[in-house]
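Scroll down for the structure; my scribbles are underneath it.
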Amino acid sequence: MTVDVQYLAKIIQMPVKPAEAKQLQAGFAKTIETVKLLNQLDTTNISPNFQVSGLTNIFREDKIDKKRVLTQTQALTNAKHTYQGYFVVPAILHET
Amino acid sequence: MKLNQLNLQEALDGLKNQLFSSKELIQACLDQIKTKDKYLHAFLTLNSQALKEAEAADQDKIAKPLKGIPYALKDNFLTEGIRTTASAKVLDEFIPPYESTVSARLKAAGAICLGKTNMDAWAHGSSTETSDYGPTHNPWNLNYLPGGSSGGSAAAVSADMCTFAIGSETAGSVRQPSAWCGVTGFKPSYGRVSRYGLIAMASSTDSPGPICKTVSDAALITQVIAGQDPYDATTSALPVANYSQNLNKTSLAGLKIAIPQEYLSKDLAPQVRQLIQKAIEQLAKLGAKLKPVTLLDPQYSIGVYTLVQRSEVSSNLARFDGVRYGQDRSAFSHEAKNRCLLGTYALSSRYHGEGEYYNQAQKVRTLIIQDFAKLFKSFNLYLGPTSPGPALKLGASQNNPMFGEMEDRLVEAAAISGLTGISVPCGFTNGLPIGLQLTGPQFSEQIVLNAAHAYQKSTAYHLLKPNLNYD
């Protein structure tokens with residue numbers, strides 16, 4: 001199966017122009033070749049490792065830490081579009 | 001010697017003995033930035049309040065471990081009120097509303113942030129050439145790359161624009177630019193230093209670390225920034241030792257250092273092998289016992305790192321949608337697109353049945369961790385070159401989708417296993433510095449620092465400075 005760059009771009013909403021898609025596709029082939037080397041190793045009965053902290057089930061008190069909370073104004077400071085104290089998001093539903 | 005050229009210990013002694021003020025020290029660094037950064041491009045944003053903060057430090061009567069010391073901060077650490085871009089145009093106008101734990105701890109210790117340093121955009125690279133704001137140049141030769149992704153921080157230390165700098169590693173991004181710029185770069189273990197407020201790259205390996213003029217300075221900075229943080233659940237509760245004070249307590253007698261033969265393979269630049277051999281002899285003179293060993297070929301760590309990192313990147317960069325902050329997703333540049341798309345490919349159910357690359361990579365990660373665990377039953381540390389060669393020329397990373405992974409192949413296995421390691425200068429080839437890496441088990445910071453300190457005290461490579469007369 002070849003890598004469909006435009007399909008991947010669509011699912012992560014990453015705009016990719018056709019010429020760029022071609023260039024990316026060529027790069028992927030090279031990268032996947034390196035990754036395929038991993039199949040040379042026998043991993044029968046080996047568990048995958050997803051994190052190396054050695055820690056499990058780290059919890060915190062279910063209390064609000066006021067030092068860490070942003071005010072509404074602070075939270076909105078970097079937003080390009082706001083309306084009455086809220087973020088304005090692109091529409092995802094349209095009339096047909 | 002000018003004030004900006006002082007290392008951390010010298011600067012602290014000078015301030016303590018009132019030989020100069022923090023304001024004079026900061027001014028010396030700002031002057032250096034003003035005259036040299038037009039050639040190097042190490043900084044993206046300067047802290048306009050730095051001199052005022054120095055004046056306040058000079059008046060402050062409370063003792064603090066880094067009071068009045070100027071440092072440079074990689075631009076992926078959030079700084080409240082100071083623009084933070086991670087060298088990506090997506091965040092061109094982003095002013096963080098809160099501070100990273102690393103910079104907050106440095107501030108509490110009295111250090112003064114001079115400004116934010118250039119890096120590969122989102123830390124995606126090992127050249128600082130993928131910065132959306134243009135590359136940083138290597139202070140030893142302007143036609144060469146500084147390495148990366150913390151290239152701006154390494155160049156700033158090398159060119160004496162600051163007393164020390166902070167970088168971050170995902171796999172080699174502190175140690176490799178330190179090697180290429182001829183300075184000392186220390187990567188503490190994964191979980192030793194908080195990632196809170198560090199713009200996430202690959203969350204399962206991201207580790208902040210200091211870039212310094214000496215190992216002794218790195219020890220002092222690490223003990224300030226290390227330790228458990230309630231805001232980062234991966235940080236360890238293990239107590240942080242007084243790394244700095246403990247440095248001179250031990251000799252290298254009895255220290256067992258492995259020399260993995262795979263790290264001295266044929267594809268190294270020939271002079272690199274000679275310099276590492278010389279370092280081996282030096283460490284032996286200091287009392288260490290060194291022995292050749294065999295490890296898993298580092299080529300496998302390239303594949304694991306590539307898969308894990310791109311998968312985590314594709315998830316971490318999903319939050320940049322232009323709604324709460326930043327530009328929309330059309331502002332991403334080529335390398336970020338490359339990594340996000342490949343990560344999405346690795347994780348996508350549509351392709352999952354074909355090779356299950358991601359699961360295989362995480363299984364090989366276990367094999368690499370087991371390989372190191374076996375090694376460290378018989379040895380305290382292992383050594384090798386930090387990078388297969390000296391700095392490469394500008395342009396080397398372009399059109400090479402695996403540039404970073406290939407240049408970092410000797411430090412990737414350690415990074416994906418959460419180990420701690422250091423790069424110290426060990427010589428030069430064609431006027432460009434070479435770094436020696438010493439790497440130890442997770443949370444063996446003191447052993448790594450002790451060995452590197454003893455080596456550095458017996459050599460003079462770290463004292464050599466680049467000629468900055470570029471006119």
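FYI, nothing fancy with the structure tokens labels: chains A, B, ... in order, residues from 1 per chain, ligands from 1 as they appear.
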At most 8 Å is the cut-off: for each residue in chain A with any atom that close to an atom of chain B, write down the nearest atom pair and the distance in Å rounded to one decimal, counting only C-alpha atoms, chain first then increasing number, as JSON lines.
```
{"residue": "A:Met1", "atom": "CA", "partner": "B:Glu354", "partner_atom": "CA", "distance": 7.8}
{"residue": "A:Val3", "atom": "CA", "partner": "B:Tyr345", "partner_atom": "CA", "distance": 7.6}
{"residue": "A:Val5", "atom": "CA", "partner": "B:Leu341", "partner_atom": "CA", "distance": 7.3}
{"residue": "A:Leu8", "atom": "CA", "partner": "B:Leu341", "partner_atom": "CA", "distance": 6.1}
{"residue": "A:Ala9", "atom": "CA", "partner": "B:Leu341", "partner_atom": "CA", "distance": 6.5}
{"residue": "A:Ile12", "atom": "CA", "partner": "B:Ala318", "partner_atom": "CA", "distance": 7.2}
{"residue": "A:Gln13", "atom": "CA", "partner": "B:Arg329", "partner_atom": "CA", "distance": 7.4}
{"residue": "A:Met14", "atom": "CA", "partner": "B:Arg329", "partner_atom": "CA", "distance": 6.0}
{"residue": "A:Pro15", "atom": "CA", "partner": "B:Ser330", "partner_atom": "CA", "distance": 5.7}
{"residue": "A:Leu24", "atom": "CA", "partner": "B:Asn338", "partner_atom": "CA", "distance": 6.3}
{"residue": "A:Gly27", "atom": "CA", "partner": "B:Pro401", "partner_atom": "CA", "distance": 5.7}
{"residue": "A:Phe28", "atom": "CA", "partner": "B:Leu342", "partner_atom": "CA", "distance": 7.0}
{"residue": "A:Lys30", "atom": "CA", "partner": "B:Pro401", "partner_atom": "CA", "distance": 7.8}
{"residue": "A:Thr31", "atom": "CA", "partner": "B:Met402", "partner_atom": "CA", "distance": 6.7}
{"residue": "A:Thr34", "atom": "CA", "partner": "B:Gly303", "partner_atom": "CA", "distance": 5.8}
{"residue": "A:Val35", "atom": "CA", "partner": "B:Gly303", "partner_atom": "CA", "distance": 4.4}
{"residue": "A:Lys36", "atom": "CA", "partner": "B:Tyr357", "partner_atom": "CA", "distance": 7.6}
{"residue": "A:Leu37", "atom": "CA", "partner": "B:Tyr300", "partner_atom": "CA", "distance": 7.0}
{"residue": "A:Leu38", "atom": "CA", "partner": "B:Tyr300", "partner_atom": "CA", "distance": 6.2}
{"residue": "A:Asn39", "atom": "CA", "partner": "B:Gln360", "partner_atom": "CA", "distance": 7.3}
{"residue": "A:Leu41", "atom": "CA", "partner": "B:Val364", "partner_atom": "CA", "distance": 7.5}
{"residue": "A:Thr43", "atom": "CA", "partner": "B:Lys363", "partner_atom": "CA", "distance": 6.3}
{"residue": "A:Ile46", "atom": "CA", "partner": "B:Lys363", "partner_atom": "CA", "distance": 6.0}
{"residue": "A:Ser47", "atom": "CA", "partner": "B:Lys363", "partner_atom": "CA", "distance": 5.7}
{"residue": "A:Pro48", "atom": "CA", "partner": "B:Lys363", "partner_atom": "CA", "distance": 4.0}
{"residue": "A:Asn49", "atom": "CA", "partner": "B:Gln362", "partner_atom": "CA", "distance": 5.2}
{"residue": "A:Phe50", "atom": "CA", "partner": "B:Gln362", "partner_atom": "CA", "distance": 6.5}
{"residue": "A:Gln51", "atom": "CA", "partner": "B:Ser204", "partner_atom": "CA", "distance": 5.7}
{"residue": "A:Val52", "atom": "CA", "partner": "B:Gly418", "partner_atom": "CA", "distance": 5.9}
{"residue": "A:Ser53", "atom": "CA", "partner": "B:Gly191", "partner_atom": "CA", "distance": 5.8}
{"residue": "A:Leu55", "atom": "CA", "partner": "B:Thr234", "partner_atom": "CA", "distance": 7.0}
{"residue": "A:Ile58", "atom": "CA", "partner": "B:Ala233", "partner_atom": "CA", "distance": 6.2}
{"residue": "A:Phe59", "atom": "CA", "partner": "B:Ala233", "partner_atom": "CA", "distance": 7.9}
{"residue": "A:Arg60", "atom": "CA", "partner": "B:Pro230", "partner_atom": "CA", "distance": 7.7}
{"residue": "A:Leu70", "atom": "CA", "partner": "B:Pro97", "partner_atom": "CA", "distance": 7.6}
{"residue": "A:Gln74", "atom": "CA", "partner": "B:Pro97", "partner_atom": "CA", "distance": 6.2}
{"residue": "A:Ala75", "atom": "CA", "partner": "B:Pro97", "partner_atom": "CA", "distance": 7.5}
{"residue": "A:Leu76", "atom": "CA", "partner": "B:Arg324", "partner_atom": "CA", "distance": 6.8}
{"residue": "A:Asn78", "atom": "CA", "partner": "B:Tyr325", "partner_atom": "CA", "distance": 4.7}
{"residue": "A:Ala79", "atom": "CA", "partner": "B:Arg324", "partner_atom": "CA", "distance": 4.6}
{"residue": "A:Lys80", "atom": "CA", "partner": "B:Tyr325", "partner_atom": "CA", "distance": 7.0}
{"residue": "A:His81", "atom": "CA", "partner": "B:Val323", "partner_atom": "CA", "distance": 7.4}
{"residue": "A:Phe87", "atom": "CA", "partner": "B:Arg324", "partner_atom": "CA", "distance": 6.7}
{"residue": "A:Val88", "atom": "CA", "partner": "B:Val323", "partner_atom": "CA", "distance": 7.1}
{"residue": "A:Val89", "atom": "CA", "partner": "B:Val323", "partner_atom": "CA", "distance": 6.1}
```
Based on the backbone DSSP call, show me all residues of range 134-170 of chain B assigned alpha helix (DSSP H), as a VMD selection string.
chain B and resid 151 to 158
Among chain A, which ones does DSSP assign to strand (DSSP E or B) (computed from the backbone)? Answer as a ChimeraX atom specification.
/A:82-83,86-87
As an exercise, work out the distance from CA of Leu44 in chain B to CA of Ala56 in chain B in Å and give it to one decimal place.
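Separating CA of Leu44 in chain B from CA of Ala56 in chain B is a distance of 24.8 Å.
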Can I get the residues of range 30-141 of chain B within 7 Å of range 153-169 of chain B, each with the closest pair of atoms and their distance in Å to one decimal, using only C-alpha atoms, sorted chain first then ascending number, as a tab-separated table?
```
residue	atom	partner	partner_atom	distance
B:Gln32	CA	B:Met161	CA	5.5
B:Ile33	CA	B:Met161	CA	5.5
B:Ala42	CA	B:Ala156	CA	5.9
B:Ile69	CA	B:Thr163	CA	6.9
B:Pro70	CA	B:Cys162	CA	5.8
B:Tyr71	CA	B:Phe164	CA	5.0
B:Ala72	CA	B:Ala165	CA	4.5
B:Leu73	CA	B:Ile166	CA	5.0
B:Lys74	CA	B:Gly167	CA	5.4
B:Thr117	CA	B:Ser153	CA	5.6
B:Asn138	CA	B:Ala155	CA	6.3
B:Pro139	CA	B:Ala159	CA	6.1
```
